[in-house]
Structure formats: structure tokens, C-alpha cells
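Below is one structure; the comments refer to it alone.
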Amino acid sequence: MFRRFLIRRVLLGVVVLWLVTLGTFFMFFVAPGDPARTLAGRQATPEQVDLIRRDLGLDRPILVQYGDYMGRLLHGDLGKSYFNGESVGKLVAADLPPTMSLVLGGAVLWFLVGVSAGVLSATRARSLLDRAMTFLALAGVSMPTFVIGLLLLYLLFFQLTKAGLPIFPPDSYVDLSENPAEWARHLILPWITLATVQAATYLRLTRGSMLDVLGEDYIRTARAKGVPERRVIVRHGLRSALTPVVSQLGVDVGTLIGGVVVTESVFGLGGVGQAVVQAFVSSDLPVIMGVVLITAAAVVVANLLVDVAYAFLDARVRLA
Amino acid sequence: MSLLEVKDLTVGFPTADGLVQAVRGLSFSVEPGRTLAIVGESGSGKTVSTQAILGLLPEADISGSALFEGADLLRLDEERLRQIRGSEISVIFQDPLTSLHPLYKVGWQITELIHVHDAGVSRAQARRRAVELLGLVGIPRPDRRVDDYPHQFSGGMRQRAMIAMALALNPKLVVADEPTTALDATVQAQILDLITRLQREFDIALLLITHDLGVVAGVADEVMVMYAGLPVERADRRTIYYRPHHPYTKGLLESIPGSTGVRKGRLRPIPGQPPSMIAVPPGCAFHPRCRYAMPVCAAELPPLARVTGDGDHASACWLPHEAVGLGEEAEAVRLRASGGPA
């Protein structure tokens with residue numbers, strides 16, 4: 001049963017990705033702007049622009065171009081950038097590691113912090129601690145990412161380094177395979193930035209979900225069984241309360257793969273978000289398509305993983 | 001010595017609207033191996049009182065005492081009370097659908113109870129015990145069903161599993177809180193039979209909480225009727241059924257279809273609603289709904305007093321002691337005392 005469910009979800013994911021290619025491709029041609037003219041520069045003659053247009057194949061009917069693109073895509077070829085002729089596959093491959101490191105590492109951090117704080121808040125509902133955390137969460141979620149990022153940079157990088165304690169490095173990204181310790185050291189501040197904004201959501205979500213679950217009859221049963229309170233909270237309460245939190249995590253990780261451009265820029269990490277912005281500004285269709293596809297795939301995969309996690313967390317999903 | 005002796009128990013819940021006086025002074029005792037049924041409408045305080053005794057109401061204001069084998073449950077530290085819960089006193093709850101954890105296997109939920117009370121039991125031993133218990137409560141193929149999730153069980157089977165869990169560590173007292181209310185009528189009888197059979201087999205004291213005097217009939221040794229957080233009548237089962245004194249008990253009997261109180265014609269419901277537990281009526285809390293209310297009823301709270309010449313029968317009502325039973329003679333006494341039909 002579960003296998004059929006998985007196959008259905010994977011096929012659905014493929015359909016979604018196809019629709020994304022369709023949407024992006026045709027939107028590009030509807031939108032104003034002419035890549036050939038942009039590429040040719042201001043001083044170019046109409047003949048030069050036409051030449052470039054022919055060269056890129058932009059003079060052919062849109063449907064033919066789309067068919068051509070899809071044909072290559074099915075062979076795993078994402079095409080070449082209009083600007084520097086670089087392979088889009090390579091570009092994306094270079095942009096993905098910093099973004100994935102940033103988002104996944106940040107996710108671990110905000111999930112742990114948000115969920116623990118949420119559990120604490122729920123078990124001490126309406127206490128001073130609960131109120132303080134609610135306030136902090138509100139503050140965290142209200143602050144724009146770039147403010148948090150710049151603040152951390154100023155305090156923890158600039159001031160500490162000035163004081164002779166260069167604990168945190170200046171911007172840039174070091175690959176995990178190159179040096180794991182440096183990789184983490186370069187990412188700590190971006191992780192904290194991302195987690196500060198996100199953790200608040202998870203605190204509120206976990207708190208609400210926990211409060212609901214703690215009112216359930218089976219929690220009373222656990223207490224009546226003589227289960228120690230800590231175990232009641234974690235094994236009986238959190239286990240159930242985690243379901244909506246995990247599905248939120250899937251959505252957030254998926255969306256952030258293409259949407260952490262601010263954090264990426266503040267800390268100079270490079271990455272997918274920055275690549276998207278650049279590609280859009282320069283009307284570089286193959287790069288836009290590549291990056292959009294990759295981020296859409298990230299959302300699809302993240303949601304698929306959530307479904308699998310659901311099945312692990314709840315037998316009713318697995319056996320239904 | 002009584003197994004459980006509760007004295008002057010009061011339970012209140014502070015709310016924004018005022019203090020909810022859920023239990024206003026309750027005393028009762030449960031003897032080893034015997035069954036006490038606590039009967040009352042929703043909100044009469046029957047569930048709250050047992051949960052208060054077991055420390056399951058952390059937000060409530062509780063006073064009084066509850067001696068279990070000599071130790072006051074209301075004053076024990078949390079760890080000792082936890083050790084008693086589930087092992088010496090266990091609870092069967094009303095709705096087995098919501099009372100079992102939906103995400104864990106039935107067997108796991110039983111073995112967990114065994115493990116939290118004795119970490120020394122091996123997994124295999126605990127599992128064997130879980131299978132044995134499921135077989136004991138009449139679940140077919142228990143060696144397989146032990147690995148099922150609650151949603152794979154029917155309602156009756158879930159309640160059987162709850163009973164198995166309650167019996168896992170040979171408790172001395174089982175609190176059954178409306179154990180059959182959520183079940184089909186046919187299954188109700190089976191579950192009640194099972195509970196009483198196991199009770200006799202293992203010599204367990206049973207505290208049965210119900211709103212249904214019909215359930216009590218086949219099971220209880222003694223019956224305590226509660227209204228608005230107070231006991232209004234207490235007697236052995238026969239006396240409650242045939243010689244009730246309190247008009248509330250009488251009203252409950254008369255609203256059972258086909259019962260002794262209803263010889264012919266329609267059921268006679270008790271008029272009105274149970275009172276608000278924030279603003280409990282003065283005097284006898286039942287007087288606004290009572291057909292025989294007298295001026296004294298609204299002024300003074302009647303004590304739970306021995307009904308003369310009727311053994312251990314006690315009732316909290318100002319009506320004369322002769323006014324027991326459902327017959328016409330008793331009715332005449334009641335009407336005379338209250339000054340005619342209201």
C-alpha cells in the first residue's frame with residue numbers, strides 16, 4: 001500500500017515539475033525584455049541584435065524552442081547561459097552546496113531550538129517563561145533577515161575581530177568536503193540568522209500543537225499508568241505534537257532553497273537565491289529555467305520526505 | 001481497615017468566572033475486593049473526585065484526605081504517587097478510542113506500563129505478559145493482536161485492551177470511570193461481565209463511576225449517589241433500588257426505562273438542569289428541581305444521616321425517614337411532609 005502511495009507521489013512530483021517548466025518558459029516570453037538586445041548592448045545595430053537572436057535560437061517559434069529545451073532536459077542537459085556560455089548544470093552544481101548547507105544546517109538549528117522552546121512554553125503555559133518566549137519569538141519573527149544578519153555581523157564578527165577575538169570569519173563559503181570545521185565556522189552566523197527568524201514559527205506551532213495534545217485523553221491515560229511526567233511530555237505528547245511541525249519543516253526547507261537570497265547576500269555565500277536574482281535581471285533564460293527547476297525539485301523532494309516521515313510517525317498513514 | 005478511605009474531599013477549580021466547586025465535601029470508603037458504585041449526572045463531581053485522589057488534576061485546589069492502605073494519597077510526594085498509579089491503583093477510562101495512544105501499538109502501551117514500574121523486566125517477559133493479558137480479557141489471537149495499533153481494534157476490543165492494561169500489575173483497586181458509556185449496548189454487557197469476572201478472579205476492589213443506575217444493578221455491592229459535588233444517598237445496592245430515600249435517587253430510578261419505578265406509561269424525567277457549580281443553590285442543591293421541596297430545603301443543607309431502621313442506609317434529605325421506597329405509602333408521606341403536590 002505504502003509503495004503505491006510513494007509511486008503516486010513521485011509521479012505527481014514529476015507532473016508538478018513539468019508544469020513548472022511550462023509556466024516559467026512561457027512567462028519568460030510574455031514578460032517584457034529582450035535577451036538578445038540586452039546581450040548586444042546599447043551600441044549594437046539591429047543587424048547585430050538579429051544575429052545574436054538567431055544565434056541563441058530565439059527567432060524560432062516558442063513551441064519549437066520549448067520542445068527543443070525539453071528534449072535536451074530529458075537527456076539531463078540544462079543548456080548554456082546566454083551570457084558566458086557556461087553550462088547551467090555546472091552553475092547550479094556550484095550554487096547548490098552553499099544554499100543547501102545554509103538551509104539544512106539552519107533547519108536543524110531552528111527545529112531543535114523552536115521545538116524545545118515550544119515544549120517548554122506549552123508545559124509552563126501562561127508562566128513568565130512562556131510569556132518571555134512568546135515575546136522573543138515575536139521579536140525574532142518581526143525583524144527583517146538583513147537586520148539580524150547585519151547585527152550579528154557587526155557584533156560577533158566586526159566587534160569581536162576588532163577586539164582581537166576573530167572567532168567568526170569574514171564572509172564566504174568553504175566547502176564541506178574541503179574542511180568540515182571551517183565549513184561550520186563560516187556558516188554559524190548565517191545559521192543563527194536564519195534560525196532566529198524561523199525558530200519563532202516553530203515555537204508557536206509546537207506550543208499550540210503540544211497544548212492540544214496535552215489535553216488528549218491518552219495523555220491522561222499515560223499519567224494514570226504511572227508514566228513519569230518527562231516521559232509523558234516527550235514520548236506521549238511531543239510524539240503526537242510533532243506531526244504538524246514536521247510538515248511545516250518540509251514546506252519551509254523546500255521554499256527556502258530558492259528563497260534565502262537575503263541571508264546568502266548578507267554573508268556573501270553565493271548560492272541559488274543570488275543566482276536566481278542575477279539570472280532574472282539579465283534575462284538569462286537557461287539559467288532561470290535551471291535554477292527554478294532545481295528549487296521546485298527541492299520543494300517536491302522536501303514534501304515527499306515529509307510524507308515518508310509522516311508514515312514513520314503515524315501507522316495510520318502507513319497502513320491506511 | 002478499608003482499602004481506600006476518603007474524608008471530606010473538596011475539589012475546586014479557579015476560573016475567570018469564579019471558583020468551580022466540583023466536589024464540596026465527599027467521604028466514602030472502598031473495602032478490599034468489594035465494589036462501590038458512584039452514580040450521578042455529568043458534573044456531579046464523580047470523575048473529578050477520583051482523578052483528584054490520583055493526582056491527575058494538578059490545576060485543582062484539593063483538600064481533605066484519601067487514605068490508601070494508610071497512606072494519604074493527597075499528601076504523598078509526586079514520585080510515590082506515580083509508583084502507586086498504574087500498579088496498585090489503576091484506571092479504566094470512558095472512551096477507549098481516545099484513551100489509547102493512537103501512534104503506539106497496543107502491546108507497547110501495555111509493556112510500557114510494566115516497564116515504568118519495574119525497569120528490571122526484560123522486553124521479552126513484558127511482551128509475554130502483554131500477550132497473556134490480552135488473552136485473559138478475551139482478545140482472540142493475542143500473540144498477533146499485540147502488534148496491532150488501536151485503530152485496528154474495534155471499540156469493545158479497545159476497552160478490553162484498556163482493562164488488560166489496568167490489570168497488568170495486579171492492582172488492589174481499579175477505578176472504572178464510565179467503562180461502558182462509549183460502547184454499543186451489546187458490548188456494554190460483555191465488558192461489564194468481564195470486569196466483574198476478573199474482579200472476583202483477582203480479588204480486586206472496584207470503584208465504578210457511572211451515570212447509569214442500570215449498569216450498577218448487576219455489579220455494585222454498595223452505591224453512592226452524588227449530586228452537585230456532594231453525596232446525597234448511600235446504601236447497599238438492594239436498598240438503593242427498592243428503598244431509595246432521596247428524591248434525586250428516586251428520580252434517577254424513575255427515568256430508567258422498564259425499571260421498578262416505572263410500572264406503567266411514560267418515563268418521568270427529572271425536571272430542570274444540574275446547577276452551575278460556580279453558584280450552587282443554597283441549602284440542598286437539589287431543591288430547585290425537587291417535587292417535594294420544603295422551605296427548610298432552600299435554607300439549610302441536610303446532613304448525610306442514617307435513615308432510621310435501615311441498616312447502613314444514609315441520605316441527605318429533610319424528608320421524614322419513613323419516606324423510603326417507590327410505593328404509594330412512601331409517596332403519601334412525602335407529599336404530606338412537603339405540603340401537597342408541587
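Lettering and numbering for the C-alpha cells are positional, with chains as A, B, ... in the shown order, residues counted from 1 in each chain, and ligands counted from 1 in the shown order.
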* To do: Quick one: everything within 7 Å of Gly258 (chain A), counting only C-alpha atoms, minus sequence neighbours fewer than 4 positions away in the same chain. Send it as a PyMOL selection string.
  => chain A and resi 272-273+295
Requested write-out: C-alpha atoms of the selected residues, as a compact mmCIF listing (two decimals), in the first residue's frame:
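Result file follows (again-v4.txt):
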# COMPACT_ATOMS: atom_id res chain seq x y z
CA VAL A 272 20.91 29.56 -5.51
CA GLY A 273 18.97 32.61 -4.37
CA THR A 295 14.29 24.91 -6.41
* To do: Go through region 146-217 of chain B and collect every residue that DSSP, computed from the backbone, puts in alpha helix (DSSP H); the answer should be as a VMD selection string.
  => chain B and resid 155 to 167 185 to 202 213 to 217
Keeping C-alpha atoms for every residue in the selection just given, could you write it to a file as a compact mmCIF listing (two decimals), in the first residue's frame?
# COMPACT_ATOMS: atom_id res chain seq x y z
CA GLY B 155 -14.43 -0.32 20.30
CA GLY B 156 -15.10 -3.31 22.52
CA MET B 157 -11.64 -4.73 21.90
CA ARG B 158 -10.04 -1.40 22.75
CA GLN B 159 -11.85 -1.35 26.06
CA ARG B 160 -10.70 -4.94 26.64
CA ALA B 161 -7.16 -3.75 25.96
CA MET B 162 -7.63 -0.93 28.49
CA ILE B 163 -8.80 -3.50 31.01
CA ALA B 164 -5.81 -5.70 30.25
CA MET B 165 -3.56 -2.70 30.86
CA ALA B 166 -5.32 -1.88 34.11
CA LEU B 167 -4.76 -5.41 35.37
CA ALA B 185 -25.36 -1.76 24.18
CA THR B 186 -24.48 -5.37 23.35
CA VAL B 187 -20.81 -4.80 24.02
CA GLN B 188 -21.59 -2.98 27.29
CA ALA B 189 -22.90 -6.14 28.91
CA GLN B 190 -19.86 -8.13 27.79
CA ILE B 191 -17.45 -5.57 29.17
CA LEU B 192 -19.29 -5.36 32.50
CA ASP B 193 -19.27 -9.16 32.74
CA LEU B 194 -15.57 -9.20 32.01
CA ILE B 195 -14.80 -6.56 34.62
CA THR B 196 -16.76 -8.33 37.36
CA ARG B 197 -15.38 -11.77 36.43
CA LEU B 198 -11.80 -10.52 36.59
CA GLN B 199 -12.54 -8.60 39.76
CA ARG B 200 -13.64 -11.80 41.51
CA GLU B 201 -10.83 -13.84 39.99
CA PHE B 202 -8.10 -11.49 41.20
CA LEU B 213 -28.15 3.03 37.51
CA GLY B 214 -28.84 0.15 35.14
CA VAL B 215 -25.10 -0.57 34.96
CA VAL B 216 -24.88 -0.54 38.74
CA ALA B 217 -27.61 -3.14 39.16
* To do: Enumerate the residues of region 150-325 of chain B with a DSSP assignment of strand (DSSP E or B), computed from the backbone, and present them as number ranges by chain.
  => B: 173-177, 205-210, 222-227, 230-236, 305-306, 314-315
Restrict the selected residues to C-alpha atoms and save them as a PDB file, in the first residue's frame.
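Done, and the output landed in result-v7.pdb:
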ATOM      1  CA  LEU B 173      -8.050  -1.099  43.357  1.00  0.00           C
ATOM      2  CA  VAL B 174      -9.399  -0.435  39.891  1.00  0.00           C
ATOM      3  CA  VAL B 175     -11.223   2.797  39.173  1.00  0.00           C
ATOM      4  CA  ALA B 176     -13.584   2.216  36.244  1.00  0.00           C
ATOM      5  CA  ASP B 177     -14.761   5.609  35.047  1.00  0.00           C
ATOM      6  CA  ALA B 205     -11.657  -3.692  44.793  1.00  0.00           C
ATOM      7  CA  LEU B 206     -13.647  -1.771  42.183  1.00  0.00           C
ATOM      8  CA  LEU B 207     -14.677   1.841  42.238  1.00  0.00           C
ATOM      9  CA  LEU B 208     -17.242   2.066  39.471  1.00  0.00           C
ATOM     10  CA  ILE B 209     -18.221   5.504  38.255  1.00  0.00           C
ATOM     11  CA  THR B 210     -21.358   5.744  36.153  1.00  0.00           C
ATOM     12  CA  GLU B 222     -22.639  -0.504  47.575  1.00  0.00           C
ATOM     13  CA  VAL B 223     -23.922   2.568  45.812  1.00  0.00           C
ATOM     14  CA  MET B 224     -23.262   6.227  46.467  1.00  0.00           C
ATOM     15  CA  VAL B 225     -25.386   8.759  44.604  1.00  0.00           C
ATOM     16  CA  MET B 226     -23.811  12.176  44.051  1.00  0.00           C
ATOM     17  CA  TYR B 227     -25.410  15.480  43.179  1.00  0.00           C
ATOM     18  CA  LEU B 230     -21.963  16.063  47.372  1.00  0.00           C
ATOM     19  CA  PRO B 231     -23.135  12.561  48.230  1.00  0.00           C
ATOM     20  CA  VAL B 232     -26.931  12.588  48.577  1.00  0.00           C
ATOM     21  CA  GLU B 233     -27.555   8.937  49.328  1.00  0.00           C
ATOM     22  CA  ARG B 234     -25.540   5.873  50.210  1.00  0.00           C
ATOM     23  CA  ALA B 235     -26.704   2.319  50.698  1.00  0.00           C
ATOM     24  CA  ASP B 236     -26.228  -1.232  49.533  1.00  0.00           C
ATOM     25  CA  ALA B 305     -27.585  11.000  58.000  1.00  0.00           C
ATOM     26  CA  ARG B 306     -28.515   7.431  58.751  1.00  0.00           C
ATOM     27  CA  ALA B 314     -27.765   7.178  54.677  1.00  0.00           C
ATOM     28  CA  SER B 315     -29.475  10.063  52.929  1.00  0.00           C
TER      29      SER B 315
END
* Could you write out as a PyMOL selection string the residues of chain B within 10 Å of chain A, counting only C-alpha atoms? -> chain B and resi 51+54-57+78-87+89-105+109-110+112-117+148-152+162+165-166
Those residues with C-alpha atoms, as a PDB file, in the first residue's frame please?
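See part.pdb below for the written result:
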ATOM      1  CA  GLN B  51      -8.940  11.987  39.485  1.00  0.00           C
ATOM      2  CA  LEU B  54      -4.929  10.007  41.947  1.00  0.00           C
ATOM      3  CA  GLY B  55      -3.176  13.348  41.496  1.00  0.00           C
ATOM      4  CA  LEU B  56      -4.359  13.737  37.917  1.00  0.00           C
ATOM      5  CA  LEU B  57      -5.684  17.267  38.446  1.00  0.00           C
ATOM      6  CA  GLU B  78       4.669  13.020  43.284  1.00  0.00           C
ATOM      7  CA  GLU B  79       7.137  10.156  42.784  1.00  0.00           C
ATOM      8  CA  ARG B  80       5.499   7.856  45.325  1.00  0.00           C
ATOM      9  CA  LEU B  81       2.064   8.659  43.940  1.00  0.00           C
ATOM     10  CA  ARG B  82       3.319   7.885  40.444  1.00  0.00           C
ATOM     11  CA  GLN B  83       4.504   4.491  41.648  1.00  0.00           C
ATOM     12  CA  ILE B  84       1.034   3.747  43.035  1.00  0.00           C
ATOM     13  CA  ARG B  85      -0.742   4.895  39.875  1.00  0.00           C
ATOM     14  CA  GLY B  86      -0.988   2.076  37.388  1.00  0.00           C
ATOM     15  CA  SER B  87       0.423  -0.545  39.719  1.00  0.00           C
ATOM     16  CA  ILE B  89      -4.493   1.656  41.709  1.00  0.00           C
ATOM     17  CA  SER B  90      -5.300   1.597  38.027  1.00  0.00           C
ATOM     18  CA  VAL B  91      -7.913   3.335  35.953  1.00  0.00           C
ATOM     19  CA  ILE B  92     -10.170   2.273  33.096  1.00  0.00           C
ATOM     20  CA  PHE B  93     -11.397   5.336  31.242  1.00  0.00           C
ATOM     21  CA  GLN B  94     -14.632   6.030  29.473  1.00  0.00           C
ATOM     22  CA  ASP B  95     -13.694   6.298  25.841  1.00  0.00           C
ATOM     23  CA  PRO B  96     -11.247   3.620  24.720  1.00  0.00           C
ATOM     24  CA  LEU B  97     -10.992   5.279  21.311  1.00  0.00           C
ATOM     25  CA  THR B  98      -9.327   8.370  22.698  1.00  0.00           C
ATOM     26  CA  SER B  99      -7.762   6.865  25.807  1.00  0.00           C
ATOM     27  CA  LEU B 100      -5.254   4.707  23.960  1.00  0.00           C
ATOM     28  CA  HIS B 101      -2.360   6.462  22.250  1.00  0.00           C
ATOM     29  CA  PRO B 102      -3.076   6.316  18.505  1.00  0.00           C
ATOM     30  CA  LEU B 103       0.573   6.186  17.497  1.00  0.00           C
ATOM     31  CA  TYR B 104       1.718   3.220  19.577  1.00  0.00           C
ATOM     32  CA  LYS B 105       0.968  -0.472  19.318  1.00  0.00           C
ATOM     33  CA  GLN B 109       1.278   0.521  25.644  1.00  0.00           C
ATOM     34  CA  ILE B 110       0.923  -2.431  27.998  1.00  0.00           C
ATOM     35  CA  GLU B 112       5.354   0.475  28.813  1.00  0.00           C
ATOM     36  CA  LEU B 113       3.215   0.336  31.928  1.00  0.00           C
ATOM     37  CA  ILE B 114       5.144  -2.720  33.104  1.00  0.00           C
ATOM     38  CA  HIS B 115       8.493  -1.072  32.417  1.00  0.00           C
ATOM     39  CA  VAL B 116       7.827   2.263  34.074  1.00  0.00           C
ATOM     40  CA  HIS B 117       7.065   0.408  37.291  1.00  0.00           C
ATOM     41  CA  ASP B 148      -1.759  -4.036  16.295  1.00  0.00           C
ATOM     42  CA  TYR B 149      -2.421  -0.343  16.635  1.00  0.00           C
ATOM     43  CA  PRO B 150      -5.536   0.842  18.491  1.00  0.00           C
ATOM     44  CA  HIS B 151      -7.247   1.835  15.234  1.00  0.00           C
ATOM     45  CA  GLN B 152      -7.117  -1.805  14.157  1.00  0.00           C
ATOM     46  CA  MET B 162      -7.628  -0.925  28.494  1.00  0.00           C
ATOM     47  CA  MET B 165      -3.560  -2.698  30.857  1.00  0.00           C
ATOM     48  CA  ALA B 166      -5.321  -1.880  34.111  1.00  0.00           C
TER      49      ALA B 166
END
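With CA of Arg72 (chain A) on one side and CA of Leu256 (chain A) on the other, the separation reads 27.6 Å.
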* To do: Would you kindly return, as a PyMOL selection string, each protein, DNA or RNA residue with an atom no farther than 8 Å from any atom of Phe83 (chain A), considering only C-alpha atoms and excluding same-chain residues fewer than 2 positions away?
  => chain A and resi 39+81+85-86+284
